[in-house]
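**Q** Pasting in a structure now, in structure tokens, and then I'll have a few things to ask.
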Amino acid sequence: MIFNQLSSGDLIADRRADYANMLAESGELQAAAELMAQALELAPNWAAGWFRLADYEEKSGRKEAAIEALGNTLRLNPDDIFGASLKLALLGAAETPEQPPSTYVERLFDDYAERFDEALTEKLNYSVPEKLAALIDRTSGRRRFRYVTDLGCGTGLFGERVRDRADFLEGFDLSANMLAKAEGKAIYDRLSQADLSLLPEVCGLFGELEERRADLASAADVLMYLGNLESVFLIIDRLLKPEGFFAFSVEKAAAEEGFVLRPSLRYAHSELYVASLCAGHGLSLIAIEHTIIRMDAGLPVSGILFLARKGA
């Protein structure tokens, strides 16, 4: 992550941290942890440094030391831009958060925006936008939509694939840098920030904008950065017109899991969990497709695509 490269403000501490990083990259993780600990003796209030130490300790098998370092990270940075609370949950030292910290997700994608398209499409074989657009086409017969809302629009990968069938296309994202990249593509009629982890009244999608406006709402590869999806479905209930469509994807969890935090720090959701939310919010599932959505560390990531429709 870019986050753990932030400077300590102490030249010698930064230099030791750089050497620690070189050791870690060469596989000498215990030596890297020892040198990083020395850097932190010089800069004990360096939250990013503690987060980096936690990574070295975890990878060298020192779980308790990693937990201690993550605790220091969270103490020094309670806004949790590093996602330390997620790492603590994975190590069994905290309950799994129902949502990741919004500050963590925002900074993650702000840092990722410049290389996002290339990384996903060329290196990770990312295919959700194409597959989700194809699912909509097969089910709706390539109909036009008067008003489309692209939730978590990112740089506009899904927007590019629905633009020719949308009279009006708006995109919302938590990351300002992602929105700037999307704006550069000139495919959206409106772009704005929004936080899908919040209730409809404060999420950023409404205010001066009318409710029940969208014929189609999408969330392509977005919901894995949320755990409990209740807020999303409350937003969708307020956003969609009667008989409007909601097209979205999730990483696949086992049926009994509901939603679960993965080592990737993304959440996976089960088909049963999603189906229960749809039923509880007046959405009928009209298409479900199990597929591979990307590669991660050379392994395929299983996902599920959904197309739901709101009742009249």
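Please note that chains go A, B, ... in the order of the structure tokens, that every chain numbers its residues from 1, and that ligands are numbered from 1 in the order shown.
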Just list as a list in words whatever in range 60-196 of chain A DSSP marks as strand (DSSP E).

**A**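 Put together, the selection reads Phe145, Arg146, Tyr147, Val148, Thr149, Asp150, Leu151, Ala166, Asp167, Phe168, Leu169, Glu170, Gly171, Phe172, Asp173, Arg190, Leu191, Ser192 and Gln193 of chain A.
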
**Q** Applying 12 Å and only C-alpha atoms, which residues near Lys59 in chain A remain after dropping the ones on its own chain fewer than 4 positions away? List them as a PDB file with C-alpha atoms, in the first residue's frame.

**A**
```pdb
ATOM      1  CA  ALA A  24      11.478  -7.518   3.406  1.00  0.00           C
ATOM      2  CA  GLU A  25      11.495  -7.539  -0.391  1.00  0.00           C
ATOM      3  CA  GLY A  27      12.525 -12.257   2.057  1.00  0.00           C
ATOM      4  CA  GLU A  28      14.409 -11.389   5.253  1.00  0.00           C
ATOM      5  CA  LEU A  29      11.270 -10.532   7.185  1.00  0.00           C
ATOM      6  CA  GLN A  30      12.537 -10.969  10.732  1.00  0.00           C
ATOM      7  CA  ALA A  31      15.525  -8.727  10.021  1.00  0.00           C
ATOM      8  CA  ALA A  32      13.148  -6.225   8.393  1.00  0.00           C
ATOM      9  CA  ALA A  33      10.973  -6.208  11.513  1.00  0.00           C
ATOM     10  CA  ARG A  52       4.471  -1.499   8.198  1.00  0.00           C
ATOM     11  CA  LEU A  53       6.031  -3.232  11.221  1.00  0.00           C
ATOM     12  CA  ALA A  54       2.799  -5.173  11.723  1.00  0.00           C
ATOM     13  CA  ASP A  55       3.042  -6.435   8.149  1.00  0.00           C
ATOM     14  CA  LYS A  63       1.230 -12.870  15.347  1.00  0.00           C
ATOM     15  CA  GLU A  64       1.200 -11.280  18.809  1.00  0.00           C
ATOM     16  CA  ALA A  65       3.845  -8.743  17.798  1.00  0.00           C
ATOM     17  CA  ALA A  66       1.793  -7.917  14.706  1.00  0.00           C
ATOM     18  CA  LEU A  91      -5.765 -11.967  13.213  1.00  0.00           C
TER      19      LEU A  91
END
```

**Q** Among range 78-117 of chain A, which ones does DSSP assign to helix (DSSP H, G or I) (computed from the backbone)? Answer as an NGL selection string.

**A** :A and (84-90 or 102-117)

**Q** Which residues, written as a list of chain:residue names, have at least one atom at most 8 Å from range 12-21 of chain A, with only C-alpha atoms counted and residues fewer than 6 positions away on the same chain left out?

**A** A:Ala31, A:Ala32, A:Ala33, A:Leu35, A:Met36, A:Gln38, A:Ala39, A:Leu40, A:Leu42, A:Ala43, A:Gly49

**Q** Restrict the calculation to only C-alpha atoms, then for each residue of range 76-189 of chain A with any atom at most 9 Å from an atom of range 214-224 of chain A give the closest atom pair and their distance in Å to one decimal, rows by chain and rising residue number, as a tab-separated table.

**A**
```
residue	atom	partner	partner_atom	distance
A:Val128	CA	A:Ala220	CA	6.4
A:Pro129	CA	A:Ala220	CA	6.3
A:Leu132	CA	A:Ala220	CA	7.4
A:Phe145	CA	A:Asp215	CA	5.9
A:Arg146	CA	A:Asp215	CA	6.5
A:Tyr147	CA	A:Ala214	CA	5.0
A:Val148	CA	A:Leu216	CA	4.8
A:Thr149	CA	A:Ala217	CA	4.7
A:Asp150	CA	A:Ser218	CA	4.9
A:Leu151	CA	A:Ala219	CA	5.0
A:Gly152	CA	A:Val222	CA	5.8
A:Cys153	CA	A:Ala219	CA	7.5
A:Gly154	CA	A:Val222	CA	9.0
A:Leu157	CA	A:Ala220	CA	8.9
A:Phe158	CA	A:Ala220	CA	6.9
```

**Q** Just N, CA and C atoms for this one: save the residues we selected as a PDB file, in the first residue's frame.

**A**
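See result_23.pdb below for the written result:
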```pdb
ATOM      1  N   VAL A 128     -15.801  -7.639 -14.617  1.00  0.00           N
ATOM      2  CA  VAL A 128     -17.155  -7.374 -14.120  1.00  0.00           C
ATOM      3  C   VAL A 128     -17.927  -6.388 -14.989  1.00  0.00           C
ATOM      4  N   PRO A 129     -17.361  -5.255 -15.411  1.00  0.00           N
ATOM      5  CA  PRO A 129     -18.163  -4.324 -16.222  1.00  0.00           C
ATOM      6  C   PRO A 129     -18.741  -4.969 -17.481  1.00  0.00           C
ATOM      7  N   LEU A 132     -21.371  -7.711 -16.449  1.00  0.00           N
ATOM      8  CA  LEU A 132     -22.596  -7.143 -15.900  1.00  0.00           C
ATOM      9  C   LEU A 132     -23.417  -6.471 -16.995  1.00  0.00           C
ATOM     10  N   PHE A 145     -32.272   3.109 -21.183  1.00  0.00           N
ATOM     11  CA  PHE A 145     -32.662   3.549 -19.852  1.00  0.00           C
ATOM     12  C   PHE A 145     -32.637   5.069 -19.829  1.00  0.00           C
ATOM     13  N   ARG A 146     -33.694   5.645 -19.333  1.00  0.00           N
ATOM     14  CA  ARG A 146     -33.758   7.105 -19.302  1.00  0.00           C
ATOM     15  C   ARG A 146     -32.746   7.660 -18.315  1.00  0.00           C
ATOM     16  N   TYR A 147     -32.570   6.977 -17.165  1.00  0.00           N
ATOM     17  CA  TYR A 147     -31.745   7.537 -16.084  1.00  0.00           C
ATOM     18  C   TYR A 147     -30.977   6.394 -15.425  1.00  0.00           C
ATOM     19  N   VAL A 148     -29.659   6.469 -15.481  1.00  0.00           N
ATOM     20  CA  VAL A 148     -28.806   5.418 -14.919  1.00  0.00           C
ATOM     21  C   VAL A 148     -27.910   6.021 -13.839  1.00  0.00           C
ATOM     22  N   THR A 149     -27.850   5.348 -12.689  1.00  0.00           N
ATOM     23  CA  THR A 149     -26.976   5.760 -11.586  1.00  0.00           C
ATOM     24  C   THR A 149     -25.933   4.688 -11.360  1.00  0.00           C
ATOM     25  N   ASP A 150     -24.666   5.063 -11.562  1.00  0.00           N
ATOM     26  CA  ASP A 150     -23.537   4.148 -11.415  1.00  0.00           C
ATOM     27  C   ASP A 150     -22.915   4.371 -10.038  1.00  0.00           C
ATOM     28  N   LEU A 151     -23.208   3.468  -9.100  1.00  0.00           N
ATOM     29  CA  LEU A 151     -22.723   3.585  -7.724  1.00  0.00           C
ATOM     30  C   LEU A 151     -21.318   3.017  -7.613  1.00  0.00           C
ATOM     31  N   GLY A 152     -20.418   3.753  -6.949  1.00  0.00           N
ATOM     32  CA  GLY A 152     -19.026   3.321  -6.903  1.00  0.00           C
ATOM     33  C   GLY A 152     -18.447   3.280  -8.302  1.00  0.00           C
ATOM     34  N   CYS A 153     -18.658   4.348  -9.048  1.00  0.00           N
ATOM     35  CA  CYS A 153     -18.350   4.355 -10.483  1.00  0.00           C
ATOM     36  C   CYS A 153     -16.872   4.235 -10.780  1.00  0.00           C
ATOM     37  N   GLY A 154     -16.008   4.552  -9.790  1.00  0.00           N
ATOM     38  CA  GLY A 154     -14.575   4.471 -10.034  1.00  0.00           C
ATOM     39  C   GLY A 154     -14.163   5.360 -11.185  1.00  0.00           C
ATOM     40  N   LEU A 157     -15.376   2.441 -15.720  1.00  0.00           N
ATOM     41  CA  LEU A 157     -15.297   1.240 -16.551  1.00  0.00           C
ATOM     42  C   LEU A 157     -16.673   0.680 -16.895  1.00  0.00           C
ATOM     43  N   PHE A 158     -17.598   0.695 -15.926  1.00  0.00           N
ATOM     44  CA  PHE A 158     -18.956   0.244 -16.246  1.00  0.00           C
ATOM     45  C   PHE A 158     -19.713   1.327 -17.016  1.00  0.00           C
TER      46      PHE A 158
END
```

**Q** Name the residues in contact with Lys310 in chain A at a cut-off of 12 Å, using only C-alpha atoms, excluding same-chain residues fewer than 3 positions from it; report them as a compact mmCIF listing (two decimals) with N, CA, C and O atoms, in the first residue's frame.

**A**
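Listed below is the output, part30.txt:
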```txt
# COMPACT_ATOMS: atom_id res chain seq x y z
N ARG A 212 -36.35 8.20 -6.24
CA ARG A 212 -37.06 7.37 -7.22
C ARG A 212 -36.77 7.85 -8.65
O ARG A 212 -37.66 7.95 -9.47
N ALA A 214 -33.98 6.64 -10.75
CA ALA A 214 -33.17 5.77 -11.61
C ALA A 214 -33.97 4.62 -12.20
O ALA A 214 -34.68 3.90 -11.48
N ASP A 215 -33.83 4.43 -13.50
CA ASP A 215 -34.37 3.23 -14.16
C ASP A 215 -33.41 2.06 -13.99
O ASP A 215 -33.83 0.91 -14.02
N LEU A 216 -32.13 2.38 -13.85
CA LEU A 216 -31.11 1.36 -13.64
C LEU A 216 -30.08 1.92 -12.66
O LEU A 216 -29.58 3.04 -12.83
N ALA A 217 -29.78 1.16 -11.63
CA ALA A 217 -28.67 1.47 -10.72
C ALA A 217 -27.68 0.31 -10.80
O ALA A 217 -28.08 -0.85 -10.91
N PHE A 233 -29.00 -1.32 0.37
CA PHE A 233 -30.35 -1.64 -0.09
C PHE A 233 -31.37 -0.59 0.35
O PHE A 233 -32.37 -0.39 -0.33
N ILE A 236 -30.88 1.92 -2.39
CA ILE A 236 -31.50 1.46 -3.63
C ILE A 236 -33.01 1.59 -3.58
O ILE A 236 -33.66 2.00 -4.55
N ASP A 237 -33.59 1.29 -2.43
CA ASP A 237 -35.04 1.41 -2.27
C ASP A 237 -35.50 2.84 -2.53
O ASP A 237 -36.55 3.07 -3.12
N ARG A 238 -34.68 3.81 -2.11
CA ARG A 238 -35.04 5.21 -2.29
C ARG A 238 -34.67 5.73 -3.68
O ARG A 238 -35.24 6.71 -4.16
N LEU A 239 -33.71 5.08 -4.33
CA LEU A 239 -33.18 5.57 -5.60
C LEU A 239 -33.96 5.09 -6.82
O LEU A 239 -34.17 5.85 -7.77
N LEU A 240 -34.39 3.84 -6.80
CA LEU A 240 -34.99 3.25 -8.00
C LEU A 240 -36.44 3.68 -8.20
O LEU A 240 -37.22 3.80 -7.25
N LYS A 241 -36.79 3.86 -9.46
CA LYS A 241 -38.19 3.99 -9.83
C LYS A 241 -38.89 2.64 -9.68
O LYS A 241 -38.22 1.60 -9.68
N PRO A 242 -40.21 2.62 -9.59
CA PRO A 242 -40.92 1.35 -9.66
C PRO A 242 -40.55 0.63 -10.96
O PRO A 242 -40.46 1.25 -12.02
N GLU A 243 -40.26 -0.65 -10.85
CA GLU A 243 -39.83 -1.50 -11.95
C GLU A 243 -38.42 -1.16 -12.45
O GLU A 243 -38.00 -1.63 -13.50
N GLY A 244 -37.68 -0.38 -11.67
CA GLY A 244 -36.28 -0.10 -12.01
C GLY A 244 -35.39 -1.29 -11.69
O GLY A 244 -35.72 -2.15 -10.86
N PHE A 245 -34.23 -1.34 -12.34
CA PHE A 245 -33.29 -2.46 -12.21
C PHE A 245 -32.11 -2.10 -11.31
O PHE A 245 -31.65 -0.95 -11.31
N PHE A 246 -31.61 -3.09 -10.60
CA PHE A 246 -30.38 -2.96 -9.83
C PHE A 246 -29.44 -4.08 -10.27
O PHE A 246 -29.72 -5.26 -10.08
N ALA A 247 -28.31 -3.71 -10.92
CA ALA A 247 -27.32 -4.67 -11.40
C ALA A 247 -26.07 -4.52 -10.54
O ALA A 247 -25.53 -3.42 -10.41
N CYS A 278 -32.62 -8.65 -0.92
CA CYS A 278 -33.50 -8.29 -2.05
C CYS A 278 -34.96 -8.49 -1.66
O CYS A 278 -35.80 -7.60 -1.87
N ALA A 279 -35.26 -9.64 -1.10
CA ALA A 279 -36.64 -9.93 -0.71
C ALA A 279 -37.14 -8.94 0.33
O ALA A 279 -38.30 -8.50 0.28
N GLY A 280 -36.29 -8.58 1.26
CA GLY A 280 -36.69 -7.65 2.32
C GLY A 280 -36.87 -6.23 1.87
O GLY A 280 -37.46 -5.41 2.59
N HIS A 281 -36.37 -5.90 0.68
CA HIS A 281 -36.47 -4.53 0.18
C HIS A 281 -37.26 -4.44 -1.13
O HIS A 281 -37.10 -3.49 -1.90
N GLY A 282 -38.11 -5.41 -1.37
CA GLY A 282 -39.03 -5.34 -2.50
C GLY A 282 -38.38 -5.50 -3.86
O GLY A 282 -38.89 -4.99 -4.86
N LEU A 283 -37.26 -6.25 -3.92
CA LEU A 283 -36.58 -6.48 -5.18
C LEU A 283 -36.73 -7.95 -5.58
O LEU A 283 -36.49 -8.84 -4.76
N SER A 284 -37.08 -8.18 -6.82
CA SER A 284 -37.17 -9.54 -7.34
C SER A 284 -35.91 -9.86 -8.12
O SER A 284 -35.51 -9.11 -9.02
N LEU A 285 -35.26 -10.98 -7.79
CA LEU A 285 -34.07 -11.39 -8.52
C LEU A 285 -34.49 -12.02 -9.84
O LEU A 285 -35.22 -13.02 -9.87
N ILE A 286 -34.03 -11.44 -10.93
CA ILE A 286 -34.42 -11.96 -12.24
C ILE A 286 -33.26 -12.62 -12.97
O ILE A 286 -33.48 -13.30 -13.98
N LEU A 307 -28.99 -9.37 -11.14
CA LEU A 307 -29.87 -8.36 -11.70
C LEU A 307 -31.21 -8.49 -10.99
O LEU A 307 -31.84 -9.55 -11.02
```

**Q** Residues within 9 Å of Thr96 in chain A, please, as a ChimeraX atom specification. Count only C-alpha atoms; anything in the same chain fewer than 5 positions from it doesn't count.

**A** /A:85-86,88-90,260-261

**Q** Tell me, as a count of residues only, which residues lie within 10 Å of Arg262 in chain A, counting only C-alpha atoms; anything in the same chain fewer than 3 positions away does not count.

**A** 11

**Q** Mind giving me the straight-line distance from CA of Lys131 in chain A to CA of Val250 in chain A in Å, one decimal?

**A** 12.7 Å

**Q** What is the distance between CA of Leu11 in chain A and CA of Trp50 in chain A, in Å to one decimal?

**A** 16.5 Å

**Q** Gly204 in chain A: which residues within 10 Å, counting only C-alpha atoms, same-chain residues fewer than 6 positions away excluded, as an MDAnalysis selection string?

**A** chainID A and resid 172:174 192:196 198
